[in-house]
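Shown below: query_23.txt, with compact mmCIF, C-alpha atoms and all ligand atoms.
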# COMPACT_ATOMS: atom_id res chain seq x y z
CA MET A 37 -0.85 27.06 -34.81
CA VAL A 38 -0.11 28.67 -31.45
CA ARG A 39 -0.93 32.09 -32.89
CA ARG A 40 -4.19 30.79 -34.32
CA ALA A 41 -5.19 29.38 -30.94
CA GLU A 42 -4.46 32.78 -29.39
CA ASP A 43 -6.44 34.59 -32.09
CA ALA A 44 -9.37 32.30 -31.36
CA SER A 45 -9.17 33.54 -27.72
CA CYS A 46 -8.04 30.24 -26.25
CA PRO A 47 -6.85 30.95 -22.70
CA VAL A 48 -4.98 27.65 -22.38
CA LEU A 49 -2.75 25.63 -24.68
CA VAL A 50 -2.90 21.90 -23.96
CA PHE A 51 0.19 20.26 -25.35
CA THR A 52 0.39 16.49 -25.68
CA VAL A 53 3.95 15.42 -24.94
CA ASP A 54 3.97 11.66 -24.92
CA GLN A 55 2.52 10.50 -28.22
CA HIS A 56 5.44 10.07 -30.60
CA LEU A 57 4.25 6.95 -32.35
CA PRO A 58 1.21 6.36 -34.51
CA GLY A 59 0.00 3.49 -32.35
CA GLN A 60 0.90 0.10 -31.05
CA ASN A 61 0.83 -3.53 -31.98
CA SER A 62 -2.63 -4.13 -30.52
CA GLU A 63 -5.51 -6.36 -31.55
CA THR A 64 -7.91 -3.42 -31.42
CA ARG A 65 -5.86 -1.68 -34.06
CA PHE A 66 -6.05 -4.65 -36.40
CA LYS A 67 -9.81 -4.97 -35.88
CA TYR A 68 -10.50 -1.52 -37.26
CA VAL A 69 -8.21 -1.80 -40.26
CA ARG A 70 -10.08 -0.73 -43.37
CA LYS A 71 -11.31 -3.58 -45.59
CA ASP A 72 -13.29 -1.51 -48.10
CA THR A 73 -10.99 -1.09 -51.10
CA ARG A 74 -12.96 1.69 -52.85
CA SER A 75 -11.08 4.95 -53.34
CA CYS A 76 -11.79 7.69 -50.79
CA ILE A 77 -8.99 9.92 -52.02
CA GLU A 78 -11.21 12.95 -52.46
CA CYS A 79 -11.58 13.37 -48.72
CA HIS A 80 -8.87 11.11 -47.33
CA ASP A 81 -5.86 11.81 -49.48
CA PRO A 82 -2.86 10.65 -47.41
CA GLU A 83 -0.56 13.12 -49.20
CA ASN A 84 -2.75 16.02 -48.15
CA ARG A 85 -4.04 14.60 -44.89
CA LEU A 86 -3.76 17.83 -42.95
CA LYS A 87 -4.59 20.23 -45.77
CA ASN A 88 -8.01 18.64 -46.04
CA LYS A 89 -8.83 19.28 -42.39
CA ARG A 90 -10.64 22.53 -41.76
CA MET A 91 -8.73 23.15 -38.55
CA PHE A 92 -5.58 23.59 -40.64
CA ASP A 93 -7.13 26.11 -43.08
CA HIS A 94 -4.66 28.96 -43.76
CA ALA A 95 -1.99 27.35 -41.58
CA ASN A 96 1.50 27.21 -43.01
CA LEU A 97 2.27 23.50 -43.21
CA ASP A 98 5.43 23.86 -45.32
CA THR A 99 7.82 23.07 -42.49
CA TYR A 100 5.58 20.47 -40.92
CA ASP A 101 7.28 17.08 -41.16
CA GLY A 102 4.94 14.67 -39.44
CA ALA A 103 3.18 14.42 -36.11
CA TYR A 104 4.90 11.27 -34.96
CA ARG A 105 8.56 12.07 -34.45
CA SER A 106 10.44 11.73 -31.21
CA LYS A 107 11.66 15.29 -31.28
CA MET A 108 10.06 16.42 -28.07
CA THR A 109 12.48 18.01 -25.62
CA TRP A 110 12.03 20.27 -22.61
CA GLU A 111 13.54 23.11 -24.67
CA ILE A 112 10.38 23.06 -26.77
CA ILE A 113 8.37 23.88 -23.67
CA GLY A 114 10.70 26.81 -22.95
CA LYS A 115 10.22 28.03 -26.53
CA LEU A 116 6.45 27.78 -26.23
CA ARG A 117 6.61 29.80 -23.01
CA GLN A 118 8.46 32.54 -24.88
CA VAL A 119 6.06 32.79 -27.81
CA THR A 120 2.73 32.79 -26.01
CA ASP A 121 0.95 34.27 -23.01
CA MET A 122 -1.56 31.43 -22.99
CA LYS A 123 -1.37 29.13 -20.02
CA ILE A 124 0.49 25.94 -20.93
CA VAL A 125 -0.81 22.57 -19.79
CA LEU A 126 1.15 19.41 -20.56
CA LYS A 127 -0.85 16.29 -21.29
CA GLY A 128 0.63 12.85 -20.73
CA ILE A 129 2.55 13.35 -17.48
CA VAL A 130 2.50 10.16 -15.42
CA THR A 131 5.65 10.18 -13.27
CA HIS A 132 6.99 12.07 -10.26
CA GLU A 133 10.16 13.04 -12.16
CA ASP A 134 8.33 14.51 -15.16
CA ALA A 135 5.93 16.35 -12.86
CA GLN A 136 8.92 17.97 -11.14
CA LEU A 137 10.35 18.97 -14.54
CA CYS A 138 6.98 20.57 -15.36
CA LEU A 139 7.34 22.80 -12.31
CA GLU A 140 10.94 23.64 -13.22
CA HIS A 141 9.85 24.68 -16.72
CA GLY A 142 7.04 26.94 -15.53
CA VAL A 143 4.17 24.80 -16.81
CA ASP A 144 0.74 25.99 -15.60
CA GLY A 145 -0.95 22.62 -15.23
CA VAL A 146 -0.60 18.92 -16.01
CA ILE A 147 -2.95 16.24 -17.25
CA VAL A 148 -2.20 12.74 -16.02
CA SER A 149 -3.20 10.85 -19.15
CA ASN A 150 -2.43 7.80 -21.23
CA HIS A 151 -4.95 8.92 -23.84
CA GLY A 152 -7.38 6.24 -22.77
CA GLY A 153 -4.79 3.51 -23.42
CA ARG A 154 -4.78 4.42 -27.10
CA ALA A 155 -1.04 5.14 -27.24
CA GLN A 156 0.18 2.60 -24.70
CA GLU A 157 -2.18 0.14 -23.14
CA THR A 158 0.05 -1.89 -20.83
CA GLY A 159 1.29 0.79 -18.43
CA LEU A 160 -0.26 1.79 -15.12
CA ALA A 161 -3.81 3.04 -14.97
CA THR A 162 -3.72 6.82 -14.65
CA LEU A 163 -5.39 6.53 -11.25
CA SER A 164 -2.33 4.55 -10.12
CA SER A 165 0.03 7.22 -11.48
CA LEU A 166 -1.91 10.07 -9.92
CA PRO A 167 -0.52 9.98 -6.33
CA GLU A 168 3.13 10.36 -7.39
CA VAL A 169 2.27 13.27 -9.67
CA VAL A 170 0.14 14.93 -6.97
CA THR A 171 3.00 14.54 -4.47
CA ALA A 172 5.52 16.09 -6.88
CA ILE A 173 3.26 19.01 -7.82
CA ASP A 174 2.43 19.65 -4.15
CA GLY A 175 -0.54 21.92 -4.85
CA LYS A 176 1.49 24.41 -6.93
CA ILE A 177 -0.46 23.96 -10.19
CA PRO A 178 -3.64 22.05 -11.15
CA VAL A 179 -3.35 18.29 -11.68
CA MET A 180 -6.01 17.06 -14.06
CA ILE A 181 -6.55 13.45 -15.06
CA ASP A 182 -8.28 11.41 -17.76
CA SER A 183 -8.30 7.94 -19.36
CA GLY A 184 -10.85 5.30 -18.56
CA PHE A 185 -13.24 7.35 -16.43
CA ARG A 186 -16.52 5.59 -16.91
CA ARG A 187 -18.42 6.04 -13.63
CA GLY A 188 -18.91 8.73 -11.03
CA THR A 189 -17.13 6.48 -8.56
CA ASP A 190 -13.99 6.65 -10.75
CA ILE A 191 -14.20 10.44 -10.56
CA TYR A 192 -14.66 10.25 -6.79
CA LYS A 193 -11.47 8.19 -6.42
CA ALA A 194 -9.43 10.63 -8.53
CA LEU A 195 -10.66 13.62 -6.52
CA ALA A 196 -9.92 11.75 -3.29
CA LEU A 197 -6.37 11.11 -4.50
CA GLY A 198 -5.83 14.81 -5.13
CA ALA A 199 -6.87 15.47 -8.75
CA THR A 200 -8.10 19.01 -9.41
CA SER A 201 -10.49 17.83 -12.11
CA VAL A 202 -11.32 14.85 -14.30
CA GLY A 203 -11.64 14.71 -18.09
CA ILE A 204 -13.69 12.29 -20.13
CA GLY A 205 -13.32 11.26 -23.76
CA ARG A 206 -15.18 8.26 -25.07
CA THR A 207 -17.80 8.30 -22.31
CA TYR A 208 -19.46 11.33 -23.88
CA LEU A 209 -18.59 10.30 -27.44
CA TRP A 210 -20.58 7.07 -27.01
CA GLY A 211 -23.57 9.12 -25.79
CA LEU A 212 -23.12 11.44 -28.79
CA ALA A 213 -22.91 8.57 -31.27
CA ALA A 214 -26.01 6.87 -29.89
CA PHE A 215 -28.35 9.78 -29.12
CA GLY A 216 -26.72 13.06 -30.19
CA GLN A 217 -26.79 15.94 -27.72
CA LYS A 218 -29.32 14.17 -25.51
CA GLY A 219 -26.90 11.25 -25.25
CA VAL A 220 -24.07 13.55 -24.15
CA GLU A 221 -26.33 15.22 -21.58
CA ARG A 222 -27.41 11.82 -20.23
CA ALA A 223 -23.82 10.57 -20.03
CA LEU A 224 -22.86 13.66 -18.00
CA GLU A 225 -25.99 13.35 -15.85
CA LEU A 226 -25.15 9.73 -15.00
CA LEU A 227 -21.57 10.64 -14.05
CA ARG A 228 -22.84 13.50 -11.84
CA LEU A 229 -25.47 11.31 -10.22
CA GLU A 230 -22.99 8.54 -9.47
CA LEU A 231 -20.51 11.05 -8.05
CA GLN A 232 -23.25 12.52 -5.85
CA LEU A 233 -24.22 9.05 -4.62
CA ALA A 234 -20.60 8.28 -3.78
CA MET A 235 -20.33 11.61 -1.93
CA MET A 236 -23.50 10.91 0.01
CA SER A 237 -22.24 7.50 1.04
CA THR A 238 -19.02 8.97 2.45
CA GLY A 239 -20.63 12.11 3.91
CA ALA A 240 -18.81 14.57 1.67
CA ARG A 241 -21.05 17.64 1.31
CA THR A 242 -18.78 19.46 -1.13
CA LEU A 243 -16.04 18.41 -3.55
CA LYS A 244 -13.51 19.85 -1.09
CA GLU A 245 -14.78 17.48 1.57
CA ILE A 246 -13.85 14.40 -0.49
CA SER A 247 -10.95 13.15 1.59
CA ARG A 248 -8.18 10.68 0.88
CA THR A 249 -9.11 8.60 3.87
CA SER A 250 -12.66 8.12 2.55
CA ILE A 251 -11.38 5.67 -0.07
CA GLY A 252 -9.51 3.70 2.59
CA ASN A 253 -5.91 4.17 3.59
CA SER A 254 -4.90 0.86 2.09
CA MET A 255 -5.89 1.94 -1.42
CA HIS A 256 -4.13 5.25 -1.01
CA HIS A 257 -0.95 3.70 0.39
CA SER A 258 -0.81 0.86 -2.12
CA LEU A 259 -0.97 3.41 -4.93
CA LEU A 260 1.66 5.62 -3.32
CA LYS A 261 4.09 2.73 -2.86
CA ARG A 262 4.39 1.98 -6.58
C1 LIG A 301 -10.86 9.16 -31.46
C2 LIG A 301 -9.91 9.73 -30.44
C3 LIG A 301 -8.87 10.55 -30.89
C4 LIG A 301 -7.97 11.10 -29.97
N1 LIG A 301 -6.95 11.90 -30.43
C5 LIG A 301 -6.09 12.46 -29.53
C6 LIG A 301 -5.05 13.32 -29.96
O1 LIG A 301 -4.88 13.61 -31.15
N2 LIG A 301 -4.23 13.85 -29.02
C7 LIG A 301 -4.39 13.58 -27.68
O2 LIG A 301 -3.64 14.09 -26.85
N3 LIG A 301 -5.36 12.75 -27.26
C8 LIG A 301 -6.21 12.19 -28.14
N4 LIG A 301 -7.20 11.36 -27.68
C9 LIG A 301 -7.29 11.04 -26.25
C10 LIG A 301 -8.31 11.95 -25.56
O3 LIG A 301 -7.92 13.31 -25.65
C11 LIG A 301 -8.44 11.59 -24.09
O4 LIG A 301 -7.18 11.70 -23.42
C12 LIG A 301 -8.94 10.16 -23.88
O5 LIG A 301 -9.98 9.88 -24.80
C13 LIG A 301 -9.44 10.00 -22.46
O6 LIG A 301 -9.74 8.66 -22.20
P1 LIG A 301 -11.22 8.07 -22.28
O7 LIG A 301 -11.62 8.08 -23.72
O8 LIG A 301 -11.06 6.69 -21.73
O9 LIG A 301 -12.10 8.96 -21.42
C14 LIG A 301 -8.12 10.81 -28.59
C15 LIG A 301 -9.16 9.99 -28.14
C16 LIG A 301 -10.05 9.45 -29.06
C17 LIG A 301 -11.17 8.56 -28.54

Translate the structure described by the file into C-alpha cells.
Ligand SMILES: Cc1cc2nc3c(=O)[nH]c(=O)nc-3n(C[C@H](O)[C@H](O)[C@H](O)COP(=O)(O)O)c2cc1C
Amino acid sequence: MVRRAEDASCPVLVFTVDQHLPGQNSETRFKYVRKDTRSCIECHDPENRLKNKRMFDHANLDTYDGAYRSKMTWEIIGKLRQVTDMKIVLKGIVTHEDAQLCLEHGVDGVIVSNHGGRAQETGLATLSSLPEVVTAIDGKIPVMIDSGFRRGTDIYKALALGATSVGIGRTYLWGLAAFGQKGVERALELLRLELQLAMMSTGARTLKEISRTSIGNSMHHSLLKR
C-alpha cells in the first residue's frame, strides 16, 4: 500500500495510529444499525470487504489480518521510515508524551485528531489537547488539527493556539451531500468568511498575526493547565 501511494505521487503518508477498535458503545452507533434485511452481498460481502473496494485493486491482501488490531508500536514507524521517502504524518496524537515520541522517531508532522469523536467521544476536545502537543513539538514540525471544526471561529482559536493548519471532515461532506460541489464550495466559503470576520475583530491582518493573546490569556492558560 505504501508503494502504491508512492507510485501515485503522494508526497505525504498520513498514518492513523490510534484507531484499534471498530467503534464504541455509543447511541449514535446503534441508531445507524442496518434494519433492511435484504441481501446486499454482491457489493457488501463481509468476507471480501476490502477486495470489493477499488482502492485495493491489485493490492496483495494475503497477509492482511484485519484493520482493528492493537499491534501498533513505535517500531512500525521506524519501519515505515526505512521503506519510504514520503513524508510521514501521524494522525491521532493528542498528548505531550506522544508528541515527543513523534520527534524522537523522525516523524514529519502530526495531526491532533480524535477522528471527530468517532473512535472515542468522551476524551478532551482536540482544541484542549492542542497546547500540550504544540509545546512538545516546539515548532520543529507542523502541528495540524481536526475534529469538530464547524465555524471559522473554531479555526481562529486553533491557529491562535499554535496549529499550523486545520482539517475538516463532515463540514464539507454535509455540503457535498446537500448540494454537490456547490455545497462544498459554500461550506468552505462560510468557514473562510467567518475566519476573516474573526481576524478583523481582533486586528489580525495575516494568519501569522493571529496571536495567542487575542483569544484571552485565561482560555490559553486554562487549556495549558490540563
Ligand atoms: C465517514 C467517515 C469515515 C472516516 N474514516 C476514517 C478512517 O478510516 N481513518 C481515519 O483516520 N479517519 C477517518 N475519519 C475521520 C476523518 O478523517 C477526520 O479526522 C474527521 O472527520 C474530522 O472531524 P470532523 O468530521 O468533525 O471535521 C472518518 C470520518 C468520517 C466522517

Wanna dump the chain A-ligand LIG 301 (chain A) contacts at 6 Å for me, each residue with its shortest atom pair and the distance in Å to one decimal, counting all atoms listed in the file, ordered by chain and number, as CSV?
residue,atom,partner,partner_atom,distance
A:Thr52,CA,A:LIG301,O2,4.8
A:Ser149,CA,A:LIG301,O4,5.9
A:His151,CA,A:LIG301,O4,3.6
A:Gly152,CA,A:LIG301,O6,3.4
A:Asp182,CA,A:LIG301,C13,5.0
A:Ser183,CA,A:LIG301,O6,3.3
A:Gly184,CA,A:LIG301,O8,3.5
A:Phe185,CA,A:LIG301,O9,5.4
A:Ile204,CA,A:LIG301,O9,3.9
A:Gly205,CA,A:LIG301,O9,3.5
A:Arg206,CA,A:LIG301,O7,3.8
A:Thr207,CA,A:LIG301,O9,5.8

Surrounding residues of stretch 211-214 of chain A excluding itself and chain neighbours under 5 positions, 6 Å, only C-alpha atoms, as a PyMOL selection string: chain A and resi 219-220+223

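Nearest-residue note for A:Arg186: choosing from A:Ala172, A:Asn84, A:Ile251, A:Trp210, the minimum distance belongs to A:Trp210, counting only C-alpha atoms.
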
Can you pull out the residues contacting A:Glu140? Cut-off 12 Å, using all atoms listed in the file, and skip same-chain residues under 4 positions away; I want them as a short mmCIF file (atom, residue, chain, number, x, y, z; two decimals) with C-alpha atoms, keeping the file's coordinate frame.
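Result file follows (out-v6.cif):
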data_model
loop_
_atom_site.label_atom_id
_atom_site.label_comp_id
_atom_site.auth_asym_id
_atom_site.auth_seq_id
_atom_site.Cartn_x
_atom_site.Cartn_y
_atom_site.Cartn_z
CA TRP A 110 12.03 20.27 -22.61
CA GLU A 111 13.54 23.11 -24.67
CA ILE A 113 8.37 23.88 -23.67
CA GLY A 114 10.70 26.81 -22.95
CA GLU A 133 10.16 13.04 -12.16
CA ASP A 134 8.33 14.51 -15.16
CA ALA A 135 5.93 16.35 -12.86
CA GLN A 136 8.92 17.97 -11.14
CA ASP A 144 0.74 25.99 -15.60
CA ALA A 172 5.52 16.09 -6.88
CA ILE A 173 3.26 19.01 -7.82
CA LYS A 176 1.49 24.41 -6.93
CA ILE A 177 -0.46 23.96 -10.19
#

Dump as JSON lines the rows for residues of stretch 141-223 of chain A within 10 Å of stretch 62-80 of chain A: closest atom pair and distance in Å with one decimal, all atoms listed in the file counted, ordered by chain and rising residue number.
{"residue": "A:Arg154", "atom": "CA", "partner": "A:Arg65", "partner_atom": "CA", "distance": 9.3}
{"residue": "A:Ala155", "atom": "CA", "partner": "A:Ser62", "partner_atom": "CA", "distance": 10.0}
{"residue": "A:Gln156", "atom": "CA", "partner": "A:Ser62", "partner_atom": "CA", "distance": 9.3}
{"residue": "A:Glu157", "atom": "CA", "partner": "A:Ser62", "partner_atom": "CA", "distance": 8.5}

For a quick check of your reading of the model, name the residues lying within 10 Å of the coordinate (-6.9, 35.3, -39.3), counting only C-alpha atoms, and write them as a PyMOL selection string. chain A and resi 39-40+43-44+93-95

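Among A:Gly216, A:Ala199, A:Leu229, A:Leu209, the residue with the shortest atom-to-atom distance to A:Ile246, counting all atoms listed in the file, is A:Ala199.
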
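Here atom CA of A:Lys115 is placed at a distance of 18.7 Å from atom CA of A:Asn96.
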
Step by step: start from the point (5.8, 28.8, -25.2) in the file's coordinates, keep every protein, DNA or RNA residue that has an atom no farther than 12 Å from it, count only C-alpha atoms, and write the set as a JSON list (two decimals) with C-alpha atoms, in the coordinates of the input.
[["chain", "number", "residue", "atom", "x", "y", "z"],
["A", 37, "MET", "CA", -0.85, 27.06, -34.81],
["A", 38, "VAL", "CA", -0.11, 28.67, -31.45],
["A", 39, "ARG", "CA", -0.93, 32.09, -32.89],
["A", 42, "GLU", "CA", -4.46, 32.78, -29.39],
["A", 48, "VAL", "CA", -4.98, 27.65, -22.38],
["A", 49, "LEU", "CA", -2.75, 25.63, -24.68],
["A", 50, "VAL", "CA", -2.90, 21.90, -23.96],
["A", 51, "PHE", "CA", 0.19, 20.26, -25.35],
["A", 110, "TRP", "CA", 12.03, 20.27, -22.61],
["A", 111, "GLU", "CA", 13.54, 23.11, -24.67],
["A", 112, "ILE", "CA", 10.38, 23.06, -26.77],
["A", 113, "ILE", "CA", 8.37, 23.88, -23.67],
["A", 114, "GLY", "CA", 10.70, 26.81, -22.95],
["A", 115, "LYS", "CA", 10.22, 28.03, -26.53],
["A", 116, "LEU", "CA", 6.45, 27.78, -26.23],
["A", 117, "ARG", "CA", 6.61, 29.80, -23.01],
["A", 118, "GLN", "CA", 8.46, 32.54, -24.88],
["A", 119, "VAL", "CA", 6.06, 32.79, -27.81],
["A", 120, "THR", "CA", 2.73, 32.79, -26.01],
["A", 121, "ASP", "CA", 0.95, 34.27, -23.01],
["A", 122, "MET", "CA", -1.56, 31.43, -22.99],
["A", 123, "LYS", "CA", -1.37, 29.13, -20.02],
["A", 124, "ILE", "CA", 0.49, 25.94, -20.93],
["A", 125, "VAL", "CA", -0.81, 22.57, -19.79],
["A", 126, "LEU", "CA", 1.15, 19.41, -20.56],
["A", 141, "HIS", "CA", 9.85, 24.68, -16.72],
["A", 142, "GLY", "CA", 7.04, 26.94, -15.53],
["A", 143, "VAL", "CA", 4.17, 24.80, -16.81],
["A", 144, "ASP", "CA", 0.74, 25.99, -15.60]]
